[in-house]
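Engineer: My questions all concern the structure below.
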Amino acid sequence: MDSSLGAIALGFLFGLQHATDADHVVAVASIVSRTGRFASGALVGVFWGIGHTLTIAVAGTAIVLFNVTVTPRVGLSMELAVAFMLMALGVARIVRLIRDHEETPLPRRHGHDGPGFWLVLRTLGPAQAARSTLTGLVHGLAGSAAVALLVLSTVRSPFAAVAYLLVFGLGTIAGMTVITALLSVPFAARLPALSRFRRALALGTGLLSLGLGLYLAVHIGFVDGLLLGR
């Protein structure tokens, strides 16, 4: 029991570390660059973490409790979906910059703002919240098999394994919230001198997302052999 509790607690640390994976950070960076507030940037990480935790918990539980098998081909297909998603995020960011259409922060309102969830959703914006959650869902689906296998090698009890997955998810939410909050700082600063720098940085996030997506797609499709039928 003590070893299981220790492993579950360790899951939170693993979740924090998992949030720093390169493809995760690059994906959320392209989304954060569309925001104009520190709070909005932090909420990108929250919604990404919710989406990621949802698929990790559902898919991971199916693997742990029901012995669902994820074949290498299915696993690579999920990874390829992440690559395509990165490319889509990068292209969308670059196109928006070319059109010179930047998101502006939502106006501040005073008085009664309604339930807390709707206030949070309005702070970030429905489109950004949906984009962040969907990105987390895809990332979680691609990584669920590896996380579940790690759980199986660490925790023997099925119920402790499910608890591990949930704690792992909380760790990813916490870690990604900190990351996106830090990434939002240059975009939230209202200094005129930073205007050109913000645009260059936003373009960089788009190009980086596109480039990493292309690299992963080529590697998964041809080096790992998914598109060659190997």
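Identifiers for the structure tokens are assigned positionally: chains receive A, B, ... in sequence, residues are indexed from 1 per chain, and ligands are indexed from 1 in the order shown.
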Using only C-alpha atoms, determine which residues lie at most 6 Å from region 18-31 of chain A, disregarding the query and same-chain residues fewer than 4 positions distant; provide the list as a compact mmCIF listing (two decimals) with N, CA, C and O atoms, in the first residue's frame.
Structural biologist:
```txt
# COMPACT_ATOMS: atom_id res chain seq x y z
N PHE A 14 5.81 13.13 -12.57
CA PHE A 14 5.93 12.70 -13.95
C PHE A 14 5.02 13.54 -14.86
O PHE A 14 5.36 13.83 -16.00
N THR A 172 0.13 17.31 -15.23
CA THR A 172 0.27 17.93 -16.55
C THR A 172 -0.47 19.26 -16.60
O THR A 172 -0.01 20.22 -17.24
N GLY A 175 1.73 21.73 -14.64
CA GLY A 175 2.95 22.05 -15.38
C GLY A 175 2.68 22.91 -16.60
O GLY A 175 3.38 23.90 -16.85
N MET A 176 1.65 22.56 -17.37
CA MET A 176 1.37 23.33 -18.59
C MET A 176 0.83 24.71 -18.27
O MET A 176 1.08 25.67 -19.01
N THR A 205 6.74 31.21 -33.49
CA THR A 205 5.97 30.09 -32.95
C THR A 205 5.25 29.33 -34.07
O THR A 205 5.18 28.10 -34.05
N GLY A 206 4.74 30.08 -35.06
CA GLY A 206 4.08 29.43 -36.18
C GLY A 206 5.03 28.60 -37.02
O GLY A 206 4.73 27.47 -37.39
N SER A 209 6.15 25.49 -35.05
CA SER A 209 5.10 24.48 -35.02
C SER A 209 5.00 23.75 -36.36
O SER A 209 4.91 22.52 -36.41
```
Engineer: Quick one: residues within 6 Å of Trp48 (chain A), only C-alpha atoms, excluding same-chain residues fewer than 4 positions away - as number ranges by chain?
Structural biologist: A: 132-133, 136
Engineer: Mind writing the picked residues with C-alpha atoms as a PDB file, in the first residue's frame?
Structural biologist:
```pdb
ATOM      1  CA  SER A 132      -6.496  24.440 -26.479  1.00  0.00           C
ATOM      2  CA  THR A 133      -8.727  21.563 -25.347  1.00  0.00           C
ATOM      3  CA  GLY A 136      -4.650  18.525 -25.390  1.00  0.00           C
TER       4      GLY A 136
END
```
Engineer: Given only C-alpha atoms as the basis, pick out the residue of A:Pro192, A:Gly11, A:Gly36, A:Gly90 nearest to Gly211 (chain A).
Structural biologist: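 Selected residue with least distance to Gly211 (chain A): A:Gly90.
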Engineer: Pick the closest to Phe84 (chain A) from A:Ser4, A:Thr135, A:Thr177, A:Gln17: which is it, counting only C-alpha atoms?
Structural biologist: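 Among the listed residues, A:Thr135 lies closest to Phe84 (chain A).
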Engineer: Pick out the residues sitting within 10 Å of Ala7 (chain A), and hand them over as number ranges by chain; count only C-alpha atoms, and ignore anything fewer than 2 positions along from it in its own chain.
Structural biologist: A: 1-5, 9-12, 151, 154-155, 160-161, 164
Engineer: List the neighbours of region 139-150 of chain A out to 7 Å using only C-alpha atoms; skip same-chain residues closer than 4 positions along the sequence, and give me the result as a PDB file with N, CA and C atoms, in the first residue's frame.
Structural biologist:
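out-v3.pdb, freshly written:
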```
ATOM      1  N   HIS A  52      -5.981  16.919 -22.293  1.00  0.00           N
ATOM      2  CA  HIS A  52      -4.951  15.882 -22.198  1.00  0.00           C
ATOM      3  C   HIS A  52      -5.319  14.863 -21.125  1.00  0.00           C
ATOM      4  N   THR A  53      -5.764  15.342 -19.970  1.00  0.00           N
ATOM      5  CA  THR A  53      -6.119  14.445 -18.871  1.00  0.00           C
ATOM      6  C   THR A  53      -7.314  13.574 -19.224  1.00  0.00           C
ATOM      7  N   THR A  55      -8.295  12.320 -22.195  1.00  0.00           N
ATOM      8  CA  THR A  55      -7.955  11.172 -23.039  1.00  0.00           C
ATOM      9  C   THR A  55      -6.975  10.233 -22.345  1.00  0.00           C
ATOM     10  N   ILE A  56      -6.051  10.779 -21.556  1.00  0.00           N
ATOM     11  CA  ILE A  56      -5.139   9.912 -20.806  1.00  0.00           C
ATOM     12  C   ILE A  56      -5.927   9.035 -19.837  1.00  0.00           C
ATOM     13  N   ALA A  59      -8.430   6.546 -22.139  1.00  0.00           N
ATOM     14  CA  ALA A  59      -7.687   5.536 -22.887  1.00  0.00           C
ATOM     15  C   ALA A  59      -6.781   4.721 -21.967  1.00  0.00           C
ATOM     16  N   GLY A  60      -6.131   5.397 -21.028  1.00  0.00           N
ATOM     17  CA  GLY A  60      -5.251   4.694 -20.109  1.00  0.00           C
ATOM     18  C   GLY A  60      -6.000   3.708 -19.237  1.00  0.00           C
ATOM     19  N   ILE A  63      -6.786   0.600 -21.179  1.00  0.00           N
ATOM     20  CA  ILE A  63      -5.601  -0.249 -21.324  1.00  0.00           C
ATOM     21  C   ILE A  63      -5.302  -0.982 -20.026  1.00  0.00           C
ATOM     22  N   VAL A  64      -5.392  -0.265 -18.905  1.00  0.00           N
ATOM     23  CA  VAL A  64      -5.035  -0.845 -17.610  1.00  0.00           C
ATOM     24  C   VAL A  64      -6.078  -1.851 -17.127  1.00  0.00           C
ATOM     25  N   VAL A  70      -2.858  -1.582 -27.811  1.00  0.00           N
ATOM     26  CA  VAL A  70      -2.568  -0.556 -28.808  1.00  0.00           C
ATOM     27  C   VAL A  70      -1.394  -1.058 -29.650  1.00  0.00           C
ATOM     28  N   GLY A  75      -0.394   3.183 -32.589  1.00  0.00           N
ATOM     29  CA  GLY A  75       0.364   4.171 -31.835  1.00  0.00           C
ATOM     30  C   GLY A  75       1.035   5.190 -32.732  1.00  0.00           C
ATOM     31  N   MET A  78      -1.476   7.656 -34.164  1.00  0.00           N
ATOM     32  CA  MET A  78      -1.802   8.710 -33.204  1.00  0.00           C
ATOM     33  C   MET A  78      -0.708   9.773 -33.167  1.00  0.00           C
ATOM     34  N   GLU A  79       0.540   9.321 -33.220  1.00  0.00           N
ATOM     35  CA  GLU A  79       1.651  10.276 -33.256  1.00  0.00           C
ATOM     36  C   GLU A  79       1.611  11.110 -34.531  1.00  0.00           C
ATOM     37  N   VAL A  82      -0.682  13.976 -34.204  1.00  0.00           N
ATOM     38  CA  VAL A  82      -0.042  15.098 -33.511  1.00  0.00           C
ATOM     39  C   VAL A  82       0.775  15.928 -34.497  1.00  0.00           C
ATOM     40  N   THR A 135      -6.263  20.435 -28.752  1.00  0.00           N
ATOM     41  CA  THR A 135      -4.834  20.141 -28.816  1.00  0.00           C
ATOM     42  C   THR A 135      -4.434  19.181 -27.702  1.00  0.00           C
ATOM     43  N   THR A 154       4.607   0.133 -12.753  1.00  0.00           N
ATOM     44  CA  THR A 154       4.846   0.799 -11.473  1.00  0.00           C
ATOM     45  C   THR A 154       3.847   0.403 -10.403  1.00  0.00           C
TER      46      THR A 154
END
```
Engineer: Write out as a PyMOL selection string each polymer residue whose atoms come within 12 Å of Thr35 (chain A), counting only C-alpha atoms; drop sequence neighbours fewer than 2 positions from it.
Structural biologist: chain A and resi 28-33+37-44+93+102-106+123-125+127-129+132+180-181+183-189+198+202
Engineer: Please report the interatomic distance between CA of Arg196 (chain A) and CA of Val95 (chain A) in Å with one decimal.
Structural biologist: 17.1 Å
Engineer: Please identify the alpha helix (DSSP H) residues within region 6-149 of chain A (assignment by DSSP from backbone atoms) and present them as a ChimeraX atom specification.
Structural biologist: /A:6-18,22-32,38-66,72-98,116-124,126-149
Engineer: Find the residues around Leu228 (chain A) up to 12 Å (only C-alpha atoms counted), leave out those fewer than 3 positions away in its own chain, and share them as a PDB file with all heavy atoms, in the first residue's frame.
Structural biologist:
```pdb
ATOM      1  N   ARG A  73       1.263   0.126 -34.998  1.00  0.00           N
ATOM      2  CA  ARG A  73       0.731   0.913 -36.111  1.00  0.00           C
ATOM      3  C   ARG A  73      -0.289   1.948 -35.627  1.00  0.00           C
ATOM      4  O   ARG A  73      -0.297   3.086 -36.089  1.00  0.00           O
ATOM      5  CB  ARG A  73       0.089  -0.017 -37.147  1.00  0.00           C
ATOM      6  CG  ARG A  73      -0.364   0.718 -38.408  1.00  0.00           C
ATOM      7  CD  ARG A  73      -0.796  -0.253 -39.497  1.00  0.00           C
ATOM      8  NE  ARG A  73      -1.137   0.461 -40.721  1.00  0.00           N
ATOM      9  CZ  ARG A  73      -0.251   0.888 -41.601  1.00  0.00           C
ATOM     10  NH1 ARG A  73       1.038   0.651 -41.410  1.00  0.00           N
ATOM     11  NH2 ARG A  73      -0.637   1.537 -42.682  1.00  0.00           N
ATOM     12  N   VAL A 218       7.473  13.280 -41.363  1.00  0.00           N
ATOM     13  CA  VAL A 218       8.436  12.561 -42.194  1.00  0.00           C
ATOM     14  C   VAL A 218       9.058  11.409 -41.421  1.00  0.00           C
ATOM     15  O   VAL A 218       9.206  10.288 -41.934  1.00  0.00           O
ATOM     16  CB  VAL A 218       9.524  13.529 -42.702  1.00  0.00           C
ATOM     17  CG1 VAL A 218      10.660  12.760 -43.380  1.00  0.00           C
ATOM     18  CG2 VAL A 218       8.925  14.536 -43.672  1.00  0.00           C
ATOM     19  N   HIS A 219       9.418  11.665 -40.176  1.00  0.00           N
ATOM     20  CA  HIS A 219      10.067  10.635 -39.366  1.00  0.00           C
ATOM     21  C   HIS A 219       9.122   9.463 -39.107  1.00  0.00           C
ATOM     22  O   HIS A 219       9.498   8.289 -39.260  1.00  0.00           O
ATOM     23  CB  HIS A 219      10.534  11.231 -38.042  1.00  0.00           C
ATOM     24  CG  HIS A 219      11.469  10.337 -37.281  1.00  0.00           C
ATOM     25  ND1 HIS A 219      11.025   9.287 -36.504  1.00  0.00           N
ATOM     26  CD2 HIS A 219      12.821  10.326 -37.186  1.00  0.00           C
ATOM     27  CE1 HIS A 219      12.055   8.669 -35.957  1.00  0.00           C
ATOM     28  NE2 HIS A 219      13.155   9.273 -36.356  1.00  0.00           N
ATOM     29  N   ILE A 220       7.878   9.778 -38.712  1.00  0.00           N
ATOM     30  CA  ILE A 220       6.915   8.729 -38.419  1.00  0.00           C
ATOM     31  C   ILE A 220       6.510   7.975 -39.690  1.00  0.00           C
ATOM     32  O   ILE A 220       6.407   6.747 -39.706  1.00  0.00           O
ATOM     33  CB  ILE A 220       5.671   9.323 -37.738  1.00  0.00           C
ATOM     34  CG1 ILE A 220       6.031   9.878 -36.359  1.00  0.00           C
ATOM     35  CG2 ILE A 220       4.561   8.280 -37.611  1.00  0.00           C
ATOM     36  CD1 ILE A 220       4.956  10.740 -35.749  1.00  0.00           C
ATOM     37  N   GLY A 221       6.301   8.739 -40.767  1.00  0.00           N
ATOM     38  CA  GLY A 221       5.816   8.127 -42.000  1.00  0.00           C
ATOM     39  C   GLY A 221       6.847   7.283 -42.730  1.00  0.00           C
ATOM     40  O   GLY A 221       6.502   6.228 -43.274  1.00  0.00           O
ATOM     41  N   PHE A 222       8.128   7.749 -42.730  1.00  0.00           N
ATOM     42  CA  PHE A 222       9.112   7.092 -43.564  1.00  0.00           C
ATOM     43  C   PHE A 222      10.241   6.423 -42.760  1.00  0.00           C
ATOM     44  O   PHE A 222      10.638   5.306 -43.077  1.00  0.00           O
ATOM     45  CB  PHE A 222       9.697   8.094 -44.551  1.00  0.00           C
ATOM     46  CG  PHE A 222       8.661   8.672 -45.474  1.00  0.00           C
ATOM     47  CD1 PHE A 222       8.130   9.936 -45.247  1.00  0.00           C
ATOM     48  CD2 PHE A 222       8.185   7.929 -46.541  1.00  0.00           C
ATOM     49  CE1 PHE A 222       7.160  10.460 -46.073  1.00  0.00           C
ATOM     50  CE2 PHE A 222       7.201   8.446 -47.383  1.00  0.00           C
ATOM     51  CZ  PHE A 222       6.696   9.708 -47.157  1.00  0.00           C
ATOM     52  N   VAL A 223      10.735   7.085 -41.715  1.00  0.00           N
ATOM     53  CA  VAL A 223      11.778   6.456 -40.915  1.00  0.00           C
ATOM     54  C   VAL A 223      11.192   5.320 -40.080  1.00  0.00           C
ATOM     55  O   VAL A 223      11.731   4.200 -40.057  1.00  0.00           O
ATOM     56  CB  VAL A 223      12.470   7.497 -40.002  1.00  0.00           C
ATOM     57  CG1 VAL A 223      13.527   6.816 -39.132  1.00  0.00           C
ATOM     58  CG2 VAL A 223      13.101   8.603 -40.840  1.00  0.00           C
ATOM     59  N   ASP A 224      10.062   5.595 -39.401  1.00  0.00           N
ATOM     60  CA  ASP A 224       9.391   4.541 -38.637  1.00  0.00           C
ATOM     61  C   ASP A 224       8.567   3.619 -39.524  1.00  0.00           C
ATOM     62  O   ASP A 224       8.142   2.565 -39.072  1.00  0.00           O
ATOM     63  CB  ASP A 224       8.495   5.157 -37.554  1.00  0.00           C
ATOM     64  CG  ASP A 224       9.301   5.851 -36.465  1.00  0.00           C
ATOM     65  OD1 ASP A 224      10.472   5.475 -36.286  1.00  0.00           O
ATOM     66  OD2 ASP A 224       8.763   6.754 -35.808  1.00  0.00           O
ATOM     67  N   GLY A 225       8.331   4.045 -40.775  1.00  0.00           N
ATOM     68  CA  GLY A 225       7.716   3.159 -41.755  1.00  0.00           C
ATOM     69  C   GLY A 225       6.209   3.088 -41.775  1.00  0.00           C
ATOM     70  O   GLY A 225       5.643   2.202 -42.408  1.00  0.00           O
TER      71      GLY A 225
END
```
